[in-house]
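Trainee: Input structure: start-v4.cif, which contains mmCIF, C-alpha atoms.
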```cif
data_final
loop_
_atom_site.group_PDB
_atom_site.id
_atom_site.type_symbol
_atom_site.label_atom_id
_atom_site.label_comp_id
_atom_site.auth_asym_id
_atom_site.auth_seq_id
_atom_site.Cartn_x
_atom_site.Cartn_y
_atom_site.Cartn_z
ATOM 1 C CA ASP V 137 20.243 57.069 -17.166
ATOM 2 C CA THR V 138 17.553 57.983 -14.600
ATOM 3 C CA GLU V 139 15.816 54.633 -14.595
ATOM 4 C CA VAL V 140 15.328 51.875 -12.073
ATOM 5 C CA THR V 141 14.684 48.523 -13.713
ATOM 6 C CA GLN V 142 13.047 45.493 -12.167
ATOM 7 C CA THR V 143 12.722 41.906 -13.316
ATOM 8 C CA PRO V 144 10.543 40.022 -13.756
ATOM 9 C CA LYS V 145 7.464 42.172 -14.398
ATOM 10 C CA HIS V 146 5.143 39.383 -13.331
ATOM 11 C CA LEU V 147 5.783 36.303 -11.221
ATOM 12 C CA VAL V 148 3.511 33.452 -10.228
ATOM 13 C CA MET V 149 4.879 31.015 -7.674
ATOM 14 C CA GLY V 150 3.728 28.234 -5.426
ATOM 15 C CA MET V 151 4.168 28.279 -1.675
ATOM 16 C CA THR V 152 7.071 25.835 -1.857
ATOM 17 C CA ASN V 153 8.968 27.659 -4.598
ATOM 18 C CA LYS V 154 12.121 29.747 -4.290
ATOM 19 C CA LYS V 155 12.370 32.763 -6.535
ATOM 20 C CA SER V 156 14.219 36.063 -6.686
ATOM 21 C CA LEU V 157 13.266 39.589 -7.663
ATOM 22 C CA LYS V 158 15.936 41.795 -9.177
ATOM 23 C CA CYS V 159 16.426 45.547 -9.228
ATOM 24 C CA GLU V 160 19.095 47.634 -10.928
ATOM 25 C CA GLN V 161 19.991 51.324 -11.093
ATOM 26 C CA HIS V 162 22.920 53.122 -12.701
ATOM 27 C CA MET V 163 22.408 56.577 -11.243
ATOM 28 C CA GLY V 164 25.150 56.178 -8.637
ATOM 29 C CA HIS V 165 22.557 56.205 -5.861
ATOM 30 C CA ARG V 166 23.768 55.012 -2.488
ATOM 31 C CA ALA V 167 20.435 54.009 -0.982
ATOM 32 C CA MET V 168 18.108 51.332 -2.315
ATOM 33 C CA TYR V 169 14.742 50.190 -1.003
ATOM 34 C CA TRP V 170 12.180 47.428 -1.245
ATOM 35 C CA TYR V 171 8.502 48.287 -0.836
ATOM 36 C CA LYS V 172 5.409 46.106 -0.845
ATOM 37 C CA GLN V 173 2.150 47.529 -2.193
ATOM 38 C CA LYS V 174 -1.227 45.840 -1.898
ATOM 39 C CA ALA V 175 -4.074 46.919 -4.148
ATOM 40 C CA LYS V 176 -5.482 50.389 -3.350
ATOM 41 C CA LYS V 177 -2.966 50.847 -0.516
ATOM 42 C CA PRO V 178 0.171 52.962 -0.192
ATOM 43 C CA PRO V 179 3.605 51.392 -0.597
ATOM 44 C CA GLU V 180 4.945 49.904 2.649
ATOM 45 C CA LEU V 181 8.653 49.989 3.321
ATOM 46 C CA MET V 182 10.301 46.585 3.774
ATOM 47 C CA PHE V 183 14.071 47.112 3.633
ATOM 48 C CA VAL V 184 16.584 49.911 3.210
ATOM 49 C CA TYR V 185 20.142 49.406 2.010
ATOM 50 C CA SER V 186 22.577 52.229 2.509
ATOM 51 C CA TYR V 187 26.038 51.964 0.972
ATOM 52 C CA GLU V 188 25.358 48.281 0.303
ATOM 53 C CA LYS V 189 24.610 47.533 3.944
ATOM 54 C CA LEU V 190 21.189 46.705 5.345
ATOM 55 C CA SER V 191 20.208 49.678 7.480
ATOM 56 C CA ILE V 192 16.475 49.134 8.005
ATOM 57 C CA ASN V 193 14.411 45.953 8.208
ATOM 58 C CA GLU V 194 10.779 46.771 8.932
ATOM 59 C CA SER V 195 10.171 43.524 10.833
ATOM 60 C CA VAL V 196 9.730 41.644 7.583
ATOM 61 C CA PRO V 197 9.240 37.849 7.858
ATOM 62 C CA SER V 198 12.348 35.793 7.145
ATOM 63 C CA ARG V 199 10.740 34.246 4.076
ATOM 64 C CA PHE V 200 11.813 37.522 2.411
ATOM 65 C CA SER V 201 15.592 37.824 2.219
ATOM 66 C CA PRO V 202 17.193 40.914 0.688
ATOM 67 C CA GLU V 203 20.642 41.054 -0.838
ATOM 68 C CA CYS V 204 22.737 43.892 -2.220
ATOM 69 C CA PRO V 205 25.574 42.379 -4.285
ATOM 70 C CA ASN V 206 26.907 45.794 -5.289
ATOM 71 C CA SER V 207 25.917 49.436 -5.357
ATOM 72 C CA SER V 208 23.811 49.025 -8.504
ATOM 73 C CA LEU V 209 21.963 45.825 -7.735
ATOM 74 C CA LEU V 210 19.350 44.815 -5.203
ATOM 75 C CA ASN V 211 17.746 41.397 -4.942
ATOM 76 C CA LEU V 212 14.835 40.063 -2.938
ATOM 77 C CA HIS V 213 14.913 36.313 -2.405
ATOM 78 C CA LEU V 214 11.560 34.660 -1.798
ATOM 79 C CA HIS V 215 10.991 31.298 -0.125
ATOM 80 C CA ALA V 216 7.928 29.572 1.285
ATOM 81 C CA LEU V 217 5.651 32.538 0.669
ATOM 82 C CA GLN V 218 2.000 32.702 1.600
ATOM 83 C CA PRO V 219 -0.922 33.743 -0.628
ATOM 84 C CA GLU V 220 -1.246 36.957 1.400
ATOM 85 C CA ASP V 221 2.229 37.920 0.176
ATOM 86 C CA SER V 222 0.748 38.494 -3.280
ATOM 87 C CA ALA V 223 1.356 42.172 -4.076
ATOM 88 C CA LEU V 224 3.294 44.626 -6.205
ATOM 89 C CA TYR V 225 6.922 44.725 -5.068
ATOM 90 C CA LEU V 226 8.575 48.040 -5.798
ATOM 91 C CA CYS V 227 12.268 48.820 -5.759
ATOM 92 C CA ALA V 228 13.458 52.401 -5.329
ATOM 93 C CA SER V 229 16.717 54.271 -5.034
ATOM 94 C CA SER V 230 17.837 57.676 -3.808
ATOM 95 C CA GLN V 231 21.008 59.728 -3.954
ATOM 96 C CA ASP V 232 21.914 59.623 -0.313
ATOM 97 C CA GLU V 233 21.315 57.332 2.604
ATOM 98 C CA PHE V 234 18.760 59.524 4.337
ATOM 99 C CA ALA V 235 15.488 58.505 2.701
ATOM 100 C CA GLY V 236 13.485 61.451 3.845
ATOM 101 C CA GLU V 237 15.812 64.021 2.349
ATOM 102 C CA ASP V 238 16.021 62.883 -1.237
ATOM 103 C CA GLU V 239 13.720 62.137 -4.087
ATOM 104 C CA GLN V 240 13.143 58.424 -4.523
ATOM 105 C CA PHE V 241 13.170 56.886 -7.990
ATOM 106 C CA PHE V 242 10.892 53.880 -8.266
ATOM 107 C CA GLY V 243 11.096 50.953 -10.625
ATOM 108 C CA PRO V 244 8.008 49.636 -12.439
ATOM 109 C CA GLY V 245 7.584 46.843 -9.897
ATOM 110 C CA THR V 246 7.139 43.089 -9.953
ATOM 111 C CA ARG V 247 3.569 41.875 -9.627
ATOM 112 C CA LEU V 248 3.782 38.727 -7.534
ATOM 113 C CA THR V 249 1.056 36.128 -7.206
ATOM 114 C CA VAL V 250 1.470 33.313 -4.697
ATOM 115 C CA LEU V 251 -0.753 30.301 -5.277
ATOM 116 C CA GLY F 261 4.616 53.969 12.787
ATOM 117 C CA GLN F 262 1.353 55.843 12.575
ATOM 118 C CA GLN F 263 0.116 56.275 9.038
ATOM 119 C CA VAL F 264 -0.588 59.804 7.898
ATOM 120 C CA MET F 265 -4.151 60.426 6.769
ATOM 121 C CA GLN F 266 -4.978 62.027 3.475
ATOM 122 C CA ILE F 267 -8.384 63.395 2.661
ATOM 123 C CA PRO F 268 -10.381 62.740 0.681
ATOM 124 C CA GLN F 269 -9.752 59.058 0.027
ATOM 125 C CA TYR F 270 -11.401 59.332 -3.403
ATOM 126 C CA GLN F 271 -12.308 62.296 -5.590
ATOM 127 C CA HIS F 272 -14.253 62.255 -8.833
ATOM 128 C CA VAL F 273 -14.236 65.533 -10.735
ATOM 129 C CA GLN F 274 -15.422 66.778 -14.078
ATOM 130 C CA GLU F 275 -12.604 67.599 -16.437
ATOM 131 C CA GLY F 276 -11.740 71.259 -15.970
ATOM 132 C CA GLU F 277 -12.711 71.368 -12.301
ATOM 133 C CA ASP F 278 -10.186 71.933 -9.547
ATOM 134 C CA PHE F 279 -8.955 69.251 -7.137
ATOM 135 C CA THR F 280 -7.345 69.419 -3.704
ATOM 136 C CA THR F 281 -5.946 66.727 -1.448
ATOM 137 C CA TYR F 282 -4.864 67.287 2.134
ATOM 138 C CA CYS F 283 -2.244 65.519 4.210
ATOM 139 C CA ASN F 284 -2.460 65.848 7.992
ATOM 140 C CA SER F 285 0.048 64.806 10.639
ATOM 141 C CA SER F 286 -0.310 64.967 14.415
ATOM 142 C CA THR F 287 3.413 65.628 14.786
ATOM 143 C CA THR F 288 5.770 68.235 13.337
ATOM 144 C CA LEU F 289 7.432 67.165 10.131
ATOM 145 C CA SER F 290 10.954 67.736 8.931
ATOM 146 C CA ASN F 291 9.834 67.863 5.320
ATOM 147 C CA ILE F 292 7.217 66.363 3.050
ATOM 148 C CA GLN F 293 7.336 64.873 -0.418
ATOM 149 C CA TRP F 294 4.500 64.276 -2.867
ATOM 150 C CA TYR F 295 4.264 61.400 -5.334
ATOM 151 C CA LYS F 296 1.826 60.493 -8.088
ATOM 152 C CA GLN F 297 1.014 56.943 -9.091
ATOM 153 C CA ARG F 298 -0.887 56.382 -12.318
ATOM 154 C CA PRO F 299 -3.202 53.345 -12.523
ATOM 155 C CA GLY F 300 -0.985 50.299 -13.106
ATOM 156 C CA GLY F 301 2.135 52.399 -12.642
ATOM 157 C CA HIS F 302 4.675 53.203 -10.000
ATOM 158 C CA PRO F 303 5.070 56.252 -7.734
ATOM 159 C CA VAL F 304 6.738 59.232 -9.368
ATOM 160 C CA PHE F 305 8.218 62.073 -7.348
ATOM 161 C CA LEU F 306 6.494 65.434 -7.750
ATOM 162 C CA ILE F 307 7.942 67.836 -5.178
ATOM 163 C CA GLN F 308 9.564 68.247 -1.786
ATOM 164 C CA LEU F 309 8.592 70.950 0.714
ATOM 165 C CA VAL F 310 10.932 71.845 3.535
ATOM 166 C CA LYS F 311 10.175 75.305 4.933
ATOM 167 C CA SER F 312 7.280 76.355 7.120
ATOM 168 C CA GLY F 313 4.578 77.984 5.004
ATOM 169 C CA GLU F 314 6.336 77.054 1.771
ATOM 170 C CA VAL F 315 4.370 77.237 -1.489
ATOM 171 C CA LYS F 316 5.642 75.708 -4.722
ATOM 172 C CA LYS F 317 4.006 75.636 -8.132
ATOM 173 C CA GLN F 318 4.416 73.296 -11.065
ATOM 174 C CA LYS F 319 2.226 74.493 -13.928
ATOM 175 C CA ARG F 320 -1.330 73.678 -12.750
ATOM 176 C CA LEU F 321 -0.158 72.075 -9.475
ATOM 177 C CA THR F 322 0.275 74.095 -6.271
ATOM 178 C CA PHE F 323 1.830 72.556 -3.191
ATOM 179 C CA GLN F 324 1.680 74.082 0.282
ATOM 180 C CA PHE F 325 3.348 73.237 3.575
ATOM 181 C CA GLY F 326 1.569 74.441 6.706
ATOM 182 C CA GLU F 327 3.021 77.075 8.995
ATOM 183 C CA ALA F 328 3.290 74.528 11.800
ATOM 184 C CA LYS F 329 4.788 71.940 9.415
ATOM 185 C CA LYS F 330 2.069 69.442 10.343
ATOM 186 C CA ASN F 331 -0.024 69.523 7.196
ATOM 187 C CA SER F 332 0.302 69.941 3.483
ATOM 188 C CA SER F 333 -1.929 70.239 0.457
ATOM 189 C CA LEU F 334 -1.798 69.669 -3.276
ATOM 190 C CA HIS F 335 -4.143 71.682 -5.482
ATOM 191 C CA ILE F 336 -4.659 71.036 -9.176
ATOM 192 C CA THR F 337 -6.298 73.788 -11.234
ATOM 193 C CA ALA F 338 -8.458 72.867 -14.211
ATOM 194 C CA THR F 339 -7.931 69.106 -14.115
ATOM 195 C CA GLN F 340 -7.133 67.167 -17.257
ATOM 196 C CA THR F 341 -7.473 63.465 -18.008
ATOM 197 C CA THR F 342 -3.726 63.107 -17.605
ATOM 198 C CA ASP F 343 -4.101 64.010 -13.912
ATOM 199 C CA VAL F 344 -5.790 60.670 -13.188
ATOM 200 C CA GLY F 345 -4.009 58.665 -10.511
ATOM 201 C CA THR F 346 -3.363 58.375 -6.794
ATOM 202 C CA TYR F 347 -1.568 61.203 -5.059
ATOM 203 C CA PHE F 348 0.494 60.289 -2.011
ATOM 204 C CA CYS F 349 2.101 62.579 0.482
ATOM 205 C CA ALA F 350 5.251 61.182 2.075
ATOM 206 C CA PRO F 351 6.031 62.989 5.297
ATOM 207 C CA ASN F 352 9.402 62.753 6.969
ATOM 208 C CA ARG F 353 9.777 63.177 10.714
ATOM 209 C CA GLY F 354 13.551 63.405 10.523
ATOM 210 C CA ASN F 355 14.467 59.728 10.430
ATOM 211 C CA GLU F 356 15.639 57.654 7.517
ATOM 212 C CA LYS F 357 12.284 56.237 6.521
ATOM 213 C CA LEU F 358 9.906 57.535 3.895
ATOM 214 C CA THR F 359 6.351 56.724 4.974
ATOM 215 C CA PHE F 360 3.515 57.193 2.548
ATOM 216 C CA GLY F 361 0.189 58.724 3.436
ATOM 217 C CA THR F 362 -3.035 56.857 2.741
ATOM 218 C CA GLY F 363 -3.372 58.479 -0.691
ATOM 219 C CA THR F 364 -6.140 60.242 -2.629
ATOM 220 C CA ARG F 365 -7.378 58.571 -5.774
ATOM 221 C CA LEU F 366 -8.420 61.062 -8.451
ATOM 222 C CA THR F 367 -10.662 60.106 -11.310
ATOM 223 C CA ILE F 368 -11.694 62.517 -14.073
ATOM 224 C CA ILE F 369 -15.080 62.506 -15.754
ATOM 225 C CA PRO F 370 -14.541 63.651 -19.355
#
```
Once you've parsed the file, please lay out its structure as structure tokens.

Mentor:
Amino acid sequence: DTEVTQTPKHLVMGMTNKKSLKCEQHMGHRAMYWYKQKAKKPPELMFVYSYEKLSINESVPSRFSPECPNSSLLNLHLHALQPEDSALYLCASSQDEFAGEDEQFFGPGTRLTVL
Amino acid sequence: GQQVMQIPQYQHVQEGEDFTTYCNSSTTLSNIQWYKQRPGGHPVFLIQLVKSGEVKKQKRLTFQFGEAKKNSSLHITATQTTDVGTYFCAPNRGNEKLTFGTGTRLTIIP
């Protein structure tokens, strides 16, 4: 299984809502990532988990809260988002903890719209 | 961190023509990866270059890493409609983060 899955595919939420994005991989990868991608822009790194521990937080606002319950799962909890947070949220994983050394496998993404 | 520039930003080519995108860094890189993202899709890994002056080929795609390890290029020979998408370089300066270049969007005119 060389697939990263993400749910939901689409999400529309109000600024007062709380929602969660989910990501799963069964490749035995030890590093997992959240990226944000605005239209016609490259993906921007948000968080890196290495061996289930948060190793990088790219100064992301606290209304985004990541969680890694186990080595296969990665969640992104959303609360009190702003319309400018509307974007494609991509999850990725790689074999080892050093992101720049290994191929990253991306999930299909969750397209988030904040009203 | 400083974003790595790719040129051109957009390229429209007739089917069958060649295409090249360039990735330029002001600092020496440890290695560089290339990804392709189809319209409405997600990035998919293409290749990783590590050695100075390295050249790798995948069918019609040729990837090069500069001698100084500061720039890289992707060349596609005889483009096909399946080549449509945005091509991102992802240079690594030796830390844990993968940073994407600005991307080159390729469209094919049939």

Trainee: For F:Gln271, work out the shell of residues within 8 Å, counting all atoms listed in the file and skipping chain neighbours fewer than 4 positions away, then give it as an MDAnalysis selection string.

Mentor: chainID F and resid 279 364:367

Trainee: Could you check how far atom CA of F:Cys349 sits from atom CA of V:Tyr185, in Å to one decimal?

Mentor: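 Computed distance, atom CA of F:Cys349 to atom CA of V:Tyr185, equals 22.4 Å.
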
Trainee: For chain F, report every residue with an atom at most 12 Å from chain V (counting all atoms listed in the file), formatted as a ChimeraX atom specification.

Mentor: /F:261,263-266,269-270,289-310,345-365

Trainee: What does the distance between atom CA of V:Tyr187 and atom CA of V:Pro202 come to in Å, to one decimal place?

Mentor: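 Spanning atom CA of V:Tyr187 to atom CA of V:Pro202 is a straight-line distance of 14.2 Å.
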
Trainee: Quote the spacing between atom CA of V:Gln161 and atom CA of V:Phe200 in Å to one decimal place.

Mentor: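 Result for atom CA of V:Gln161 versus atom CA of V:Phe200: 21.0 Å, one decimal.
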
Trainee: Let me make sure I understand: among V:Leu190, V:Ala167, V:Cys204, V:Leu210, which one has the smallest atom-to-atom distance to V:Gln142 if we use all atoms listed in the file?

Mentor: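 Smallest separation from V:Gln142 among the options: V:Leu210.
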
Trainee: Which residues match the PyMOL selection byres ((chain F and resi 334) around 6) in the file above, as an mmCIF file with C-alpha atoms, in the frame of the given file?

Mentor:
```
data_model
loop_
_atom_site.group_PDB
_atom_site.id
_atom_site.type_symbol
_atom_site.label_atom_id
_atom_site.label_comp_id
_atom_site.auth_asym_id
_atom_site.auth_seq_id
_atom_site.Cartn_x
_atom_site.Cartn_y
_atom_site.Cartn_z
ATOM 1 C CA THR F 280 -7.345 69.419 -3.704
ATOM 2 C CA THR F 281 -5.946 66.727 -1.448
ATOM 3 C CA THR F 322 0.275 74.095 -6.271
ATOM 4 C CA PHE F 323 1.830 72.556 -3.191
ATOM 5 C CA SER F 333 -1.929 70.239 0.457
ATOM 6 C CA HIS F 335 -4.143 71.682 -5.482
#
```

Trainee: Take the PyMOL selection byres ((chain V and resi 158) around 7), run it mentally on this structure, and tell me the resulting residues as a count of residues only.

Mentor: 9

Trainee: Carefully work through the PyMOL selection byres ((chain V and resi 155) around 7) for this structure and note down the residues it includes, as a list in words.

Mentor: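 When the PyMOL selection byres ((chain V and resi 155) around 7) is applied, the selected residues are Asn153, Lys154, Ser156, Leu157, His213, Leu214 and His215 of chain V.
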
Trainee: Leaving out F:Ile336 and any residue of its chain fewer than 3 positions from it, which residues lie within 6 Å of it when counting all atoms listed in the file, given as a PyMOL selection string?

Mentor: chain F and resi 278-279+320-321

Trainee: Counting only C-alpha atoms, which of F:Ala338, F:Lys330, F:Ile369, F:Lys316 gets nearest to F:Glu277?

Mentor: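 Answer, going by the shortest atom-to-atom distance: F:Ala338.
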
Trainee: Could you list, as a VMD selection string, every residue within 7 Å of stretch 217-221 of chain V, counting only C-alpha atoms and ignoring same-chain residues fewer than 3 positions away?

Mentor: chain V and resid 151 199 214 250 to 251

Trainee: So which one's closest to V:Thr138, V:Glu203, V:Arg247, V:Gly150, V:Met163? Using all atoms listed in the file, please.

Mentor: V:Met163
